[in-house]
Structure formats: structure tokens, C-alpha cells
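So this one's start02.cif, mmCIF, N, CA and C atoms:
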```cif
data_my_file
loop_
_atom_site.label_atom_id
_atom_site.label_comp_id
_atom_site.auth_asym_id
_atom_site.auth_seq_id
_atom_site.Cartn_x
_atom_site.Cartn_y
_atom_site.Cartn_z
N MET A 1219 11.00 8.23 -9.20
CA MET A 1219 11.15 8.87 -7.92
C MET A 1219 10.96 7.81 -6.84
N SER A 1220 11.89 7.72 -5.95
CA SER A 1220 11.82 6.74 -4.88
C SER A 1220 11.27 7.40 -3.62
N GLN A 1221 10.18 6.86 -3.14
CA GLN A 1221 9.55 7.40 -1.93
C GLN A 1221 10.25 6.81 -0.72
N SER A 1222 10.52 7.60 0.28
CA SER A 1222 11.10 7.09 1.51
C SER A 1222 9.95 6.66 2.42
N LYS A 1223 10.27 6.28 3.63
CA LYS A 1223 9.23 5.88 4.58
C LYS A 1223 8.43 7.08 5.07
N ARG A 1224 8.93 8.26 4.82
CA ARG A 1224 8.23 9.50 5.21
C ARG A 1224 7.54 10.07 3.97
N PRO A 1225 6.27 10.50 4.10
CA PRO A 1225 5.57 11.03 2.94
C PRO A 1225 6.10 12.38 2.47
N ASP A 1226 6.91 13.03 3.29
CA ASP A 1226 7.42 14.36 2.93
C ASP A 1226 8.82 14.32 2.32
N VAL A 1227 9.33 13.13 2.04
CA VAL A 1227 10.69 12.98 1.50
C VAL A 1227 10.67 12.02 0.31
N ALA A 1228 11.38 12.40 -0.75
CA ALA A 1228 11.57 11.53 -1.91
C ALA A 1228 13.00 11.67 -2.39
N GLU A 1229 13.52 10.59 -2.94
CA GLU A 1229 14.89 10.59 -3.43
C GLU A 1229 14.89 10.22 -4.91
N ILE A 1230 15.79 10.85 -5.66
CA ILE A 1230 15.94 10.52 -7.07
C ILE A 1230 17.42 10.46 -7.41
N ARG A 1231 17.71 9.87 -8.56
CA ARG A 1231 18.98 10.04 -9.24
C ARG A 1231 18.58 10.76 -10.52
N VAL A 1232 19.18 11.88 -10.80
CA VAL A 1232 18.76 12.71 -11.93
C VAL A 1232 18.81 11.88 -13.22
N PRO A 1233 17.65 11.68 -13.85
CA PRO A 1233 17.63 10.89 -15.09
C PRO A 1233 18.08 11.71 -16.30
N PHE A 1234 18.50 11.00 -17.33
CA PHE A 1234 18.98 11.64 -18.54
C PHE A 1234 17.92 12.56 -19.15
N ARG A 1235 16.65 12.18 -19.10
CA ARG A 1235 15.58 12.98 -19.71
C ARG A 1235 15.43 14.36 -19.07
N ASP A 1236 15.97 14.55 -17.85
CA ASP A 1236 15.82 15.80 -17.11
C ASP A 1236 17.03 16.72 -17.20
N VAL A 1237 17.96 16.44 -18.12
CA VAL A 1237 19.14 17.29 -18.22
C VAL A 1237 19.27 17.88 -19.62
N ASP A 1238 19.94 19.03 -19.68
CA ASP A 1238 20.17 19.70 -20.96
C ASP A 1238 21.47 19.20 -21.59
N MET A 1239 21.91 19.87 -22.66
CA MET A 1239 23.11 19.44 -23.39
C MET A 1239 24.38 19.52 -22.54
N THR A 1240 24.36 20.34 -21.50
CA THR A 1240 25.54 20.45 -20.64
C THR A 1240 25.50 19.49 -19.46
N GLY A 1241 24.42 18.70 -19.38
CA GLY A 1241 24.29 17.73 -18.29
C GLY A 1241 23.64 18.29 -17.04
N GLN A 1242 23.17 19.54 -17.08
CA GLN A 1242 22.53 20.15 -15.92
C GLN A 1242 21.02 19.91 -15.96
N MET A 1243 20.44 19.73 -14.81
CA MET A 1243 19.00 19.48 -14.70
C MET A 1243 18.21 20.72 -15.11
N PHE A 1244 17.15 20.49 -15.92
CA PHE A 1244 16.25 21.57 -16.32
C PHE A 1244 15.58 22.18 -15.10
N LEU A 1245 15.39 23.47 -15.08
CA LEU A 1245 14.72 24.16 -13.98
C LEU A 1245 13.31 23.62 -13.77
N ALA A 1246 12.59 23.36 -14.84
CA ALA A 1246 11.23 22.83 -14.74
C ALA A 1246 11.19 21.47 -14.04
N SER A 1247 12.25 20.70 -14.15
CA SER A 1247 12.29 19.39 -13.51
C SER A 1247 12.33 19.51 -11.98
N TYR A 1248 13.03 20.52 -11.47
CA TYR A 1248 13.04 20.75 -10.02
C TYR A 1248 11.61 20.96 -9.53
N ILE A 1249 10.87 21.78 -10.27
CA ILE A 1249 9.49 22.10 -9.89
C ILE A 1249 8.60 20.87 -10.01
N SER A 1250 8.77 20.11 -11.07
CA SER A 1250 7.96 18.91 -11.26
C SER A 1250 8.17 17.90 -10.13
N TYR A 1251 9.40 17.63 -9.77
CA TYR A 1251 9.67 16.71 -8.66
C TYR A 1251 9.18 17.28 -7.33
N ALA A 1252 9.32 18.59 -7.15
CA ALA A 1252 8.82 19.23 -5.92
C ALA A 1252 7.31 19.06 -5.81
N GLU A 1253 6.59 19.23 -6.92
CA GLU A 1253 5.14 19.05 -6.90
C GLU A 1253 4.76 17.61 -6.58
N SER A 1254 5.55 16.67 -7.06
CA SER A 1254 5.28 15.25 -6.77
C SER A 1254 5.46 14.93 -5.29
N VAL A 1255 6.54 15.42 -4.69
CA VAL A 1255 6.74 15.15 -3.27
C VAL A 1255 5.70 15.90 -2.43
N LEU A 1256 5.28 17.07 -2.88
CA LEU A 1256 4.23 17.81 -2.18
C LEU A 1256 2.90 17.05 -2.24
N ALA A 1257 2.59 16.47 -3.39
CA ALA A 1257 1.36 15.68 -3.53
C ALA A 1257 1.38 14.48 -2.59
N SER A 1258 2.52 13.82 -2.47
CA SER A 1258 2.64 12.69 -1.54
C SER A 1258 2.46 13.15 -0.10
N PHE A 1259 3.13 14.25 0.24
CA PHE A 1259 3.00 14.82 1.58
C PHE A 1259 1.54 15.18 1.88
N TRP A 1260 0.89 15.85 0.93
CA TRP A 1260 -0.48 16.32 1.12
C TRP A 1260 -1.46 15.15 1.28
N SER A 1261 -1.17 14.03 0.66
CA SER A 1261 -2.07 12.87 0.76
C SER A 1261 -2.08 12.26 2.16
N SER A 1262 -1.13 12.63 3.01
CA SER A 1262 -1.10 12.10 4.37
C SER A 1262 -1.88 12.97 5.37
N ARG A 1263 -2.53 14.03 4.88
CA ARG A 1263 -3.28 14.92 5.77
C ARG A 1263 -4.54 14.22 6.26
N PRO A 1264 -5.12 14.69 7.36
CA PRO A 1264 -6.37 14.09 7.87
C PRO A 1264 -7.55 14.44 6.97
N ASP A 1265 -8.53 13.55 6.93
CA ASP A 1265 -9.76 13.83 6.19
C ASP A 1265 -10.54 14.93 6.87
N VAL A 1266 -11.08 15.83 6.07
CA VAL A 1266 -11.83 16.98 6.59
C VAL A 1266 -13.14 17.09 5.82
N ASP A 1267 -14.25 17.26 6.54
CA ASP A 1267 -15.53 17.51 5.88
C ASP A 1267 -15.51 18.91 5.28
N ASP A 1268 -16.14 19.06 4.14
CA ASP A 1268 -16.23 20.37 3.46
C ASP A 1268 -14.87 21.02 3.23
N GLU A 1269 -13.93 20.22 2.81
CA GLU A 1269 -12.59 20.74 2.55
C GLU A 1269 -12.61 21.67 1.34
N PRO A 1270 -11.90 22.79 1.42
CA PRO A 1270 -11.83 23.68 0.26
C PRO A 1270 -11.00 23.05 -0.86
N VAL A 1271 -11.05 23.67 -2.01
CA VAL A 1271 -10.22 23.29 -3.15
C VAL A 1271 -8.97 24.17 -3.08
N TYR A 1272 -7.83 23.61 -3.36
CA TYR A 1272 -6.58 24.37 -3.30
C TYR A 1272 -6.01 24.53 -4.71
N SER A 1273 -5.52 25.73 -5.00
CA SER A 1273 -4.89 25.97 -6.29
C SER A 1273 -3.61 26.78 -6.07
N PRO A 1274 -2.59 26.51 -6.88
CA PRO A 1274 -1.34 27.25 -6.71
C PRO A 1274 -1.49 28.70 -7.15
N SER A 1275 -0.91 29.59 -6.37
CA SER A 1275 -0.91 31.00 -6.75
C SER A 1275 0.51 31.51 -7.00
N LYS A 1276 1.50 30.72 -6.55
CA LYS A 1276 2.90 31.11 -6.78
C LYS A 1276 3.76 29.85 -6.77
N VAL A 1277 4.67 29.78 -7.72
CA VAL A 1277 5.67 28.72 -7.75
C VAL A 1277 6.99 29.39 -8.14
N SER A 1278 8.01 29.17 -7.34
CA SER A 1278 9.32 29.74 -7.66
C SER A 1278 10.41 28.74 -7.28
N CYS A 1279 11.53 28.85 -7.96
CA CYS A 1279 12.66 27.96 -7.70
C CYS A 1279 13.92 28.80 -7.54
N ILE A 1280 14.62 28.57 -6.46
CA ILE A 1280 15.91 29.21 -6.23
C ILE A 1280 16.97 28.12 -6.41
N LEU A 1281 17.84 28.33 -7.37
CA LEU A 1281 18.88 27.36 -7.67
C LEU A 1281 20.18 27.79 -7.01
N HIS A 1282 20.68 26.96 -6.09
CA HIS A 1282 21.95 27.26 -5.43
C HIS A 1282 23.12 26.72 -6.25
N ARG A 1283 22.92 25.54 -6.79
CA ARG A 1283 23.87 24.95 -7.71
C ARG A 1283 23.16 23.86 -8.49
N PRO A 1284 23.42 23.74 -9.79
CA PRO A 1284 22.66 22.79 -10.60
C PRO A 1284 22.99 21.34 -10.27
N LEU A 1285 21.96 20.51 -10.35
CA LEU A 1285 22.16 19.07 -10.26
C LEU A 1285 22.56 18.57 -11.65
N HIS A 1286 23.26 17.46 -11.68
CA HIS A 1286 23.74 16.89 -12.94
C HIS A 1286 23.23 15.47 -13.12
N TYR A 1287 23.36 14.99 -14.34
CA TYR A 1287 22.93 13.63 -14.69
C TYR A 1287 23.47 12.61 -13.70
N ASP A 1288 22.59 11.73 -13.24
CA ASP A 1288 22.86 10.60 -12.34
C ASP A 1288 23.26 11.01 -10.92
N GLU A 1289 23.15 12.28 -10.59
CA GLU A 1289 23.47 12.75 -9.24
C GLU A 1289 22.29 12.44 -8.32
N PRO A 1290 22.55 11.98 -7.09
CA PRO A 1290 21.44 11.73 -6.16
C PRO A 1290 20.91 13.04 -5.59
N ALA A 1291 19.60 13.09 -5.36
CA ALA A 1291 18.99 14.28 -4.77
C ALA A 1291 17.85 13.86 -3.86
N THR A 1292 17.73 14.56 -2.76
CA THR A 1292 16.65 14.32 -1.80
C THR A 1292 15.75 15.54 -1.76
N PHE A 1293 14.45 15.32 -1.96
CA PHE A 1293 13.44 16.38 -1.94
C PHE A 1293 12.68 16.24 -0.63
N THR A 1294 12.65 17.31 0.17
CA THR A 1294 11.97 17.29 1.46
C THR A 1294 10.97 18.44 1.51
N ALA A 1295 9.69 18.08 1.71
CA ALA A 1295 8.63 19.09 1.78
C ALA A 1295 8.45 19.55 3.22
N ALA A 1296 8.25 20.85 3.38
CA ALA A 1296 7.98 21.44 4.69
C ALA A 1296 6.96 22.56 4.50
N VAL A 1297 6.30 22.89 5.59
CA VAL A 1297 5.36 24.01 5.58
C VAL A 1297 6.15 25.25 5.97
N ASP A 1298 6.04 26.28 5.14
CA ASP A 1298 6.79 27.51 5.38
C ASP A 1298 5.92 28.60 6.00
N LYS A 1299 4.66 28.68 5.54
CA LYS A 1299 3.74 29.71 6.04
C LYS A 1299 2.33 29.14 6.11
N ILE A 1300 1.60 29.55 7.11
CA ILE A 1300 0.19 29.17 7.23
C ILE A 1300 -0.60 30.45 7.39
N GLY A 1301 -1.39 30.77 6.38
CA GLY A 1301 -2.22 31.96 6.42
C GLY A 1301 -3.66 31.60 6.73
N VAL A 1302 -4.52 32.57 6.68
CA VAL A 1302 -5.95 32.33 6.90
C VAL A 1302 -6.53 31.55 5.73
N ARG A 1303 -6.12 31.92 4.51
CA ARG A 1303 -6.66 31.31 3.29
C ARG A 1303 -5.58 30.71 2.40
N SER A 1304 -4.36 30.61 2.89
CA SER A 1304 -3.28 30.10 2.04
C SER A 1304 -2.28 29.29 2.85
N ILE A 1305 -1.52 28.48 2.10
CA ILE A 1305 -0.46 27.66 2.69
C ILE A 1305 0.79 27.86 1.84
N GLY A 1306 1.90 28.11 2.49
CA GLY A 1306 3.17 28.21 1.78
C GLY A 1306 4.02 26.99 2.09
N PHE A 1307 4.46 26.32 1.04
CA PHE A 1307 5.31 25.14 1.18
C PHE A 1307 6.70 25.47 0.69
N LEU A 1308 7.70 24.85 1.29
CA LEU A 1308 9.08 24.98 0.85
C LEU A 1308 9.61 23.57 0.67
N ILE A 1309 10.03 23.25 -0.54
CA ILE A 1309 10.60 21.94 -0.83
C ILE A 1309 12.09 22.14 -0.99
N LEU A 1310 12.84 21.51 -0.10
CA LEU A 1310 14.30 21.63 -0.09
C LEU A 1310 14.89 20.50 -0.91
N ILE A 1311 15.87 20.81 -1.73
CA ILE A 1311 16.50 19.83 -2.59
C ILE A 1311 17.98 19.77 -2.24
N ASP A 1312 18.38 18.63 -1.72
CA ASP A 1312 19.75 18.46 -1.25
C ASP A 1312 20.43 17.32 -2.00
N THR A 1313 21.73 17.45 -2.17
CA THR A 1313 22.56 16.37 -2.68
C THR A 1313 23.72 16.21 -1.71
N GLY A 1314 23.77 15.06 -1.08
CA GLY A 1314 24.75 14.88 -0.01
C GLY A 1314 24.46 15.86 1.10
N GLU A 1315 25.45 16.61 1.50
CA GLU A 1315 25.29 17.61 2.56
C GLU A 1315 25.09 19.01 2.00
N GLU A 1316 24.88 19.12 0.71
CA GLU A 1316 24.82 20.42 0.04
C GLU A 1316 23.40 20.73 -0.43
N ARG A 1317 22.97 21.97 -0.24
CA ARG A 1317 21.67 22.43 -0.73
C ARG A 1317 21.81 22.79 -2.20
N ALA A 1318 21.03 22.13 -3.06
CA ALA A 1318 21.09 22.40 -4.49
C ALA A 1318 20.05 23.44 -4.91
N ALA A 1319 18.84 23.34 -4.32
CA ALA A 1319 17.77 24.26 -4.74
C ALA A 1319 16.67 24.27 -3.68
N GLU A 1320 15.78 25.24 -3.82
CA GLU A 1320 14.58 25.35 -2.99
C GLU A 1320 13.43 25.73 -3.91
N VAL A 1321 12.30 25.05 -3.75
CA VAL A 1321 11.11 25.39 -4.52
C VAL A 1321 10.05 25.86 -3.53
N GLU A 1322 9.52 27.06 -3.78
CA GLU A 1322 8.44 27.61 -2.96
C GLU A 1322 7.14 27.47 -3.75
N ILE A 1323 6.13 26.90 -3.09
CA ILE A 1323 4.82 26.75 -3.70
C ILE A 1323 3.78 27.30 -2.71
N ILE A 1324 2.95 28.21 -3.18
CA ILE A 1324 1.88 28.76 -2.34
C ILE A 1324 0.55 28.34 -2.93
N TRP A 1325 -0.30 27.78 -2.06
CA TRP A 1325 -1.64 27.36 -2.44
C TRP A 1325 -2.66 28.29 -1.80
N GLN A 1326 -3.70 28.62 -2.54
CA GLN A 1326 -4.84 29.39 -2.04
C GLN A 1326 -6.02 28.44 -1.87
N ALA A 1327 -6.79 28.63 -0.81
CA ALA A 1327 -7.99 27.82 -0.56
C ALA A 1327 -9.20 28.52 -1.17
N HIS A 1328 -10.05 27.73 -1.84
CA HIS A 1328 -11.26 28.25 -2.48
C HIS A 1328 -12.45 27.37 -2.14
N ALA A 1329 -13.62 27.98 -2.07
CA ALA A 1329 -14.86 27.22 -1.88
C ALA A 1329 -15.13 26.42 -3.15
N PRO A 1330 -15.47 25.13 -3.03
CA PRO A 1330 -15.69 24.32 -4.23
C PRO A 1330 -16.86 24.78 -5.09
N GLU A 1331 -17.86 25.40 -4.47
CA GLU A 1331 -19.07 25.79 -5.21
C GLU A 1331 -18.83 26.93 -6.17
N ASP A 1332 -18.16 27.98 -5.71
CA ASP A 1332 -18.04 29.19 -6.54
C ASP A 1332 -16.61 29.74 -6.64
N GLN A 1333 -15.65 28.99 -6.13
CA GLN A 1333 -14.24 29.39 -6.18
C GLN A 1333 -13.91 30.67 -5.42
N SER A 1334 -14.81 31.10 -4.52
CA SER A 1334 -14.52 32.27 -3.69
C SER A 1334 -13.47 31.88 -2.64
N PRO A 1335 -12.70 32.85 -2.15
CA PRO A 1335 -11.70 32.55 -1.13
C PRO A 1335 -12.34 31.87 0.08
N ALA A 1336 -11.63 30.87 0.62
CA ALA A 1336 -12.14 30.12 1.77
C ALA A 1336 -11.06 30.04 2.84
N SER A 1337 -11.47 29.90 4.07
CA SER A 1337 -10.52 29.74 5.18
C SER A 1337 -10.05 28.29 5.26
N LEU A 1338 -8.83 28.13 5.75
CA LEU A 1338 -8.32 26.77 5.97
C LEU A 1338 -9.10 26.12 7.11
N PRO A 1339 -9.49 24.85 6.97
CA PRO A 1339 -10.15 24.16 8.08
C PRO A 1339 -9.21 24.05 9.29
N GLU A 1340 -9.79 24.11 10.47
CA GLU A 1340 -9.00 24.05 11.70
C GLU A 1340 -8.19 22.75 11.79
N GLU A 1341 -8.79 21.61 11.38
CA GLU A 1341 -8.07 20.32 11.43
C GLU A 1341 -6.85 20.35 10.51
N THR A 1342 -7.00 20.94 9.34
CA THR A 1342 -5.88 21.04 8.40
C THR A 1342 -4.81 21.96 8.97
N ARG A 1343 -5.23 23.07 9.52
CA ARG A 1343 -4.28 24.03 10.11
C ARG A 1343 -3.48 23.36 11.24
N ASP A 1344 -4.16 22.62 12.12
CA ASP A 1344 -3.46 21.94 13.22
C ASP A 1344 -2.44 20.94 12.69
N TRP A 1345 -2.83 20.20 11.63
CA TRP A 1345 -1.92 19.21 11.03
C TRP A 1345 -0.70 19.93 10.42
N LEU A 1346 -0.93 21.03 9.73
CA LEU A 1346 0.14 21.78 9.08
C LEU A 1346 1.16 22.31 10.10
N TYR A 1347 0.69 22.73 11.26
CA TYR A 1347 1.62 23.28 12.26
C TYR A 1347 2.67 22.27 12.70
N ARG A 1348 2.37 20.97 12.57
CA ARG A 1348 3.37 19.94 12.93
C ARG A 1348 4.56 19.95 11.99
N PHE A 1349 4.37 20.52 10.78
CA PHE A 1349 5.42 20.51 9.77
C PHE A 1349 5.98 21.90 9.48
N LEU A 1350 5.60 22.87 10.29
CA LEU A 1350 6.05 24.24 10.07
C LEU A 1350 7.56 24.30 10.17
N ASN A 1351 8.19 24.87 9.15
CA ASN A 1351 9.65 24.93 9.05
C ASN A 1351 10.21 26.02 9.93
#
```

So that I can check it, write out the structure of this file as C-alpha cells.
Amino acid sequence: MSQSKRPDVAEIRVPFRDVDMTGQMFLASYISYAESVLASFWSSRPDVDDEPVYSPSKVSCILHRPLHYDEPATFTAAVDKIGVRSIGFLILIDTGEERAAEVEIIWQAHAPEDQSPASLPEETRDWLYRFLN
């Protein structure tokens, strides 16, 4: 995966290991690459004291058209929803000028001590609003 100068964007050429017998990219591969670009994006957030732990509560992929072996694809992470205790991300997957797929990932915030629901820190919320789609 090639990282661009922006932490919310990554580019790939679909590798052989990620395609089935017909040359189409496995659905799980879209999600795996989306999680990787989301991790890169998330690492650019500001440091926060007493930050909650985040865990995924929903992951879904909408396939508009399958990617094929050696096809270029750009993964772009954006914030879709900001809740009191959750964050919704949308990772857009484009090839050229065409939308190939979208991966939605929702994270829930939890207190590190007992995993009870926790509110998003104000600093994190302010940072997320800059990327709201």
C-alpha cells in the first residue's frame, strides 16, 4: 500500500493475492485496505489525556463495481458521523474517475478501565469535524 502525502489517502495496485479465480478483488480485501488507511488517518489525531478505547461495532462494504488484478485504486478516509460515544467513518475506493466501493466503519468509545461506554473527548471531536464528509 502506497501512502500519499495525506494520512487519509492511500493508493494501491490490486495484487494477485487479493483476487479470486475470475480476477476480481476479494470483498475482505476492500475492508482490510480500508482499515489500514483508517489506521493511518487515526494516527494523525491530536494527543488526548484519558483517551477512551475504540472498538468497531459495524463494518460494511458496498461494492459498486469490482476491482481487478493490477488495477489502480485510491482509498480515501473521511468522517461520516460524529456521535456522543461513536464515530462513523466512510472509506471511499476509487479507480480513475469511477467509484468502485465504499466501506463504512463505526467505532464505539469505551472507558479503558471497565469497557463501559464513554464520551468522545472534546479535542478529538473538534479534530474529527475538520474531516466530516

On this file, the PyMOL selection byres ((chain A and resi 1224-1232) around 8) gives some set of residues; write that set as a count of residues only. 32

Ground truth for the PyMOL selection byres (((chain A and resi 1306 and name CA) around 6) and name CA), written as a CSV table (one decimal) with N, CA and C atoms, in the frame of the given file:
```csv
chain,number,residue,atom,x,y,z
A,1298,ASP,N,6.0,26.3,5.1
A,1298,ASP,CA,6.8,27.5,5.4
A,1298,ASP,C,5.9,28.6,6.0
A,1299,LYS,N,4.7,28.7,5.5
A,1299,LYS,CA,3.7,29.7,6.0
A,1299,LYS,C,2.3,29.1,6.1
A,1305,ILE,N,-1.5,28.5,2.1
A,1305,ILE,CA,-0.5,27.7,2.7
A,1305,ILE,C,0.8,27.9,1.8
A,1307,PHE,N,4.5,26.3,1.0
A,1307,PHE,CA,5.3,25.1,1.2
A,1307,PHE,C,6.7,25.5,0.7
A,1323,ILE,N,6.1,26.9,-3.1
A,1323,ILE,CA,4.8,26.8,-3.7
A,1323,ILE,C,3.8,27.3,-2.7
A,1324,ILE,N,3.0,28.2,-3.2
A,1324,ILE,CA,1.9,28.8,-2.3
A,1324,ILE,C,0.6,28.3,-2.9
```

Nearest to Ala1319 in chain A by atom-to-atom distance, counting only C-alpha atoms, from A:Val1297, A:Val1271, A:Leu1350, A:Ile1280: A:Ile1280

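Minimum distance to His1328 in chain A across A:Ser1273, A:Ile1309, A:Leu1281, A:Gly1314 (counting all atoms listed in the file) occurs at A:Ser1273.
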
As number ranges by chain, please: every residue in range 1222-1300 of chain A that DSSP puts in alpha helix (DSSP H). A: 1245-1260

Please supply range 1298-1311 of chain A, rebuilt with N, CA, C and O atoms, as a CSV table (one decimal), in the frame of the given file.
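Just written: rebuild.csv:
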```csv
chain,number,residue,atom,x,y,z
A,1298,ASP,N,6.0,26.3,5.1
A,1298,ASP,CA,6.8,27.5,5.4
A,1298,ASP,C,5.9,28.6,6.0
A,1298,ASP,O,6.4,29.3,6.9
A,1299,LYS,N,4.7,28.7,5.5
A,1299,LYS,CA,3.7,29.7,6.0
A,1299,LYS,C,2.3,29.1,6.1
A,1299,LYS,O,1.9,28.4,5.2
A,1300,ILE,N,1.6,29.6,7.1
A,1300,ILE,CA,0.2,29.2,7.2
A,1300,ILE,C,-0.6,30.4,7.4
A,1300,ILE,O,-0.5,31.2,8.4
A,1301,GLY,N,-1.4,30.8,6.4
A,1301,GLY,CA,-2.2,32.0,6.4
A,1301,GLY,C,-3.7,31.6,6.7
A,1301,GLY,O,-4.0,30.5,7.0
A,1302,VAL,N,-4.5,32.6,6.7
A,1302,VAL,CA,-6.0,32.3,6.9
A,1302,VAL,C,-6.5,31.6,5.7
A,1302,VAL,O,-7.3,30.6,5.9
A,1303,ARG,N,-6.1,31.9,4.5
A,1303,ARG,CA,-6.7,31.3,3.3
A,1303,ARG,C,-5.6,30.7,2.4
A,1303,ARG,O,-5.9,30.4,1.2
A,1304,SER,N,-4.4,30.6,2.9
A,1304,SER,CA,-3.3,30.1,2.0
A,1304,SER,C,-2.3,29.3,2.8
A,1304,SER,O,-2.2,29.4,4.1
A,1305,ILE,N,-1.5,28.5,2.1
A,1305,ILE,CA,-0.5,27.7,2.7
A,1305,ILE,C,0.8,27.9,1.8
A,1305,ILE,O,0.7,27.8,0.6
A,1306,GLY,N,1.9,28.1,2.5
A,1306,GLY,CA,3.2,28.2,1.8
A,1306,GLY,C,4.0,27.0,2.1
A,1306,GLY,O,4.2,26.6,3.2
A,1307,PHE,N,4.5,26.3,1.0
A,1307,PHE,CA,5.3,25.1,1.2
A,1307,PHE,C,6.7,25.5,0.7
A,1307,PHE,O,6.9,26.3,-0.2
A,1308,LEU,N,7.7,24.8,1.3
A,1308,LEU,CA,9.1,25.0,0.8
A,1308,LEU,C,9.6,23.6,0.7
A,1308,LEU,O,9.6,22.8,1.6
A,1309,ILE,N,10.0,23.2,-0.5
A,1309,ILE,CA,10.6,21.9,-0.8
A,1309,ILE,C,12.1,22.1,-1.0
A,1309,ILE,O,12.6,22.9,-1.9
A,1310,LEU,N,12.8,21.5,-0.1
A,1310,LEU,CA,14.3,21.6,-0.1
A,1310,LEU,C,14.9,20.5,-0.9
A,1310,LEU,O,14.5,19.3,-0.8
A,1311,ILE,N,15.9,20.8,-1.7
A,1311,ILE,CA,16.5,19.8,-2.6
A,1311,ILE,C,18.0,19.8,-2.2
A,1311,ILE,O,18.7,20.8,-2.4
```
